[in-house]
Amino acid sequence: MQSNVLVKASKREVMSIFADPFKFTGIINHISILQVYDENTNKYVTLDKVEKFPKKFRVLYIFGTPDTKIITFLGYMEGPQIIPFGIKYTGRSDDETFYWTLEIFVKERQGASEVFFNMNSLYKPTFTQKILGKEVKMLKDFSFVEHILNAHVIPYFKFYGYIEEGILGQ
């Protein structure tokens with residue numbers, strides 16, 4: 001899914017928001033960083049144990065609401081990876097049934113920045129998960145990508161006064 005939004009902030013300010021994986025996952029709300037990868041020990045540890053800023057994370061994926069049902073599973077996230085004109089994050093579940101990528105591109109405009117989001121996700125439950133009733137139905141029944149952008153990222157920019165007009169296009 002591709003979407004873009006015009007925000008009243010400099011390219012540098014927008015990029016600094018998305019270049020911080022802790023801020024990024026806080027905005028997304030469905031990913032919680034549990035540990036960071038320490039290149040010296042080749043292990044996932046707490047943030048206080050690394051000397052270099054991490055780019056790999058052990059995460060908990062969280063789906064649902066207290067009103068419905070909350071489902072969690074462990075996985076990994078990598079990023080921010082600097083790509084031409086933007087930033088990229090990727091992630092997957094431990095059981096390798098759920099994958100996602102998000103590319104964020106920012107273009108400077110007069111007094112604002114246009115932010116382009118290119119996000120994809122794939123959920124392929126195993127046959128065993130299906131017959132045991134352990135597939136995550138909410139990942140199959142709605143667009144995770146659309147939800148992340150429209151229910152989390154766009155409202156974040158609106159609440160912090162970066163957006164007046166909303167989404168420019170999808």
# chains A, B, ... in the order shown; residues from 1 in each chain; ligands from 1
>>> residues_around(residues="A:Met15", least_positions_apart="5", cutoff="10 Å", atoms="only C-alpha atoms", output="list in words")
Ala9, Ser10, Asp20, Gly86, Ile87, Ile104, Phe105, Val106 and Val115 of chain A
>>> select_by_dssp(residues="stretch 5-167 of chain A", states="helix (DSSP H, G or I)", output="PyMOL selection string")
chain A and resi 11-19+21-28+47-49+127-131+137-141+144-159
>>> write_last_selection(atoms="C-alpha atoms", output="short mmCIF file (atom, residue, chain, number, x, y, z; two decimals), in the first residue's frame")
data_model
loop_
_atom_site.label_atom_id
_atom_site.label_comp_id
_atom_site.auth_asym_id
_atom_site.auth_seq_id
_atom_site.Cartn_x
_atom_site.Cartn_y
_atom_site.Cartn_z
CA LYS A 11 12.40 17.10 6.09
CA ARG A 12 15.03 16.86 8.82
CA GLU A 13 12.39 16.90 11.59
CA VAL A 14 10.26 14.24 9.89
CA MET A 15 13.27 12.03 9.20
CA SER A 16 14.40 12.33 12.82
CA ILE A 17 11.01 11.01 13.99
CA PHE A 18 11.20 7.94 11.77
CA ALA A 19 14.94 7.37 12.22
CA PRO A 21 13.16 3.06 16.18
CA PHE A 22 11.83 3.64 19.70
CA LYS A 23 9.74 6.61 18.60
CA PHE A 24 8.73 4.76 15.43
CA THR A 25 7.46 1.70 17.34
CA GLY A 26 5.74 3.97 19.85
CA ILE A 27 3.78 5.59 17.03
CA ILE A 28 2.96 2.23 15.43
CA LEU A 47 19.76 -1.29 25.60
CA ASP A 48 22.15 -0.45 28.46
CA LYS A 49 24.47 -3.30 27.41
CA PHE A 127 -1.53 -25.57 8.03
CA THR A 128 -1.07 -26.66 11.65
CA GLN A 129 -2.00 -23.20 12.93
CA LYS A 130 -5.13 -23.26 10.80
CA ILE A 131 -6.39 -26.64 11.97
CA LYS A 137 -7.70 -13.92 12.17
CA MET A 138 -7.32 -10.18 12.63
CA LEU A 139 -4.20 -10.27 10.43
CA LYS A 140 -6.18 -12.02 7.69
CA ASP A 141 -9.41 -10.06 7.98
CA PHE A 144 -2.55 -4.24 8.68
CA VAL A 145 -0.81 -1.75 6.41
CA GLU A 146 -3.83 0.51 6.05
CA HIS A 147 -4.48 0.30 9.80
CA ILE A 148 -0.92 1.31 10.72
CA LEU A 149 -0.98 4.33 8.45
CA ASN A 150 -4.56 5.53 8.99
CA ALA A 151 -5.05 4.65 12.66
CA HIS A 152 -1.58 5.41 14.02
CA VAL A 153 0.86 7.36 11.82
CA ILE A 154 -1.57 9.93 10.37
CA PRO A 155 -3.26 10.61 13.77
CA TYR A 156 0.18 11.05 15.36
CA PHE A 157 0.97 13.84 12.92
CA LYS A 158 -2.50 15.36 13.37
CA PHE A 159 -2.36 15.38 17.18
#
>>> residues_around(residues="stretch 59-65 of chain A", least_positions_apart="5", cutoff="6 Å", atoms="only C-alpha atoms", output="list in words")
His30, Ile31, Ser32, Ile33, Leu34, Ile70, Ile71, Thr72, Phe73, Leu74, Gly75 and Tyr76 of chain A
>>> write_last_selection(atoms="C-alpha atoms", output="PDB file, in the first residue's frame")
ATOM      1  CA  HIS A  30       1.721  -2.788  17.525  1.00  0.00           C
ATOM      2  CA  ILE A  31       5.442  -3.367  17.999  1.00  0.00           C
ATOM      3  CA  SER A  32       7.191  -3.296  21.361  1.00  0.00           C
ATOM      4  CA  ILE A  33      10.995  -3.415  21.505  1.00  0.00           C
ATOM      5  CA  LEU A  34      12.115  -5.944  24.101  1.00  0.00           C
ATOM      6  CA  ILE A  70      -5.176  -9.290  22.444  1.00  0.00           C
ATOM      7  CA  ILE A  71      -2.828 -11.616  20.627  1.00  0.00           C
ATOM      8  CA  THR A  72       0.943 -11.335  20.949  1.00  0.00           C
ATOM      9  CA  PHE A  73       3.855 -13.112  19.346  1.00  0.00           C
ATOM     10  CA  LEU A  74       7.592 -12.700  19.334  1.00  0.00           C
ATOM     11  CA  GLY A  75       9.619 -11.610  16.374  1.00  0.00           C
ATOM     12  CA  TYR A  76      12.322  -9.404  14.998  1.00  0.00           C
TER      13      TYR A  76
END
>>> select_by_dssp(residues="chain A", states="strand (DSSP E or B)", output="MDAnalysis selection string")
chainID A and resid 2:7 31:38 43:45 56:63 71:83 86:93 98:109 112:123 167:169
>>> residues_around(residues="A:Asn120", least_positions_apart="3", cutoff="8 Å", atoms="only C-alpha atoms", output="list in words")
Met1, Trp100, Thr101, Leu102 and Val145 of chain A
>>> closest_residue(among="A:Met119, A:Ile82, A:Val50, A:Val5", to="A:Tyr37", atoms="only C-alpha atoms")
A:Val50
>>> atom_distance(atom1="atom CA of A:Asp95", atom2="atom CA of A:Lys43")
19.0 Å
>>> closest_residue(among="A:Ser93, A:Gln2, A:Asn42, A:Gln81", to="A:Tyr123", atoms="only C-alpha atoms")
A:Ser93
>>> closest_residue(among="A:Pro66, A:Asn4, A:Met77, A:Asp38", to="A:Phe117", atoms="only C-alpha atoms")
A:Asn4
>>> atom_distance(atom1="atom CA of A:Ser113", atom2="atom CA of A:Pro80")
19.4 Å
>>> closest_residue(among="A:Glu114, A:Lys69, A:Arg109, A:Leu122", to="A:Glu96", atoms="only C-alpha atoms")
A:Leu122
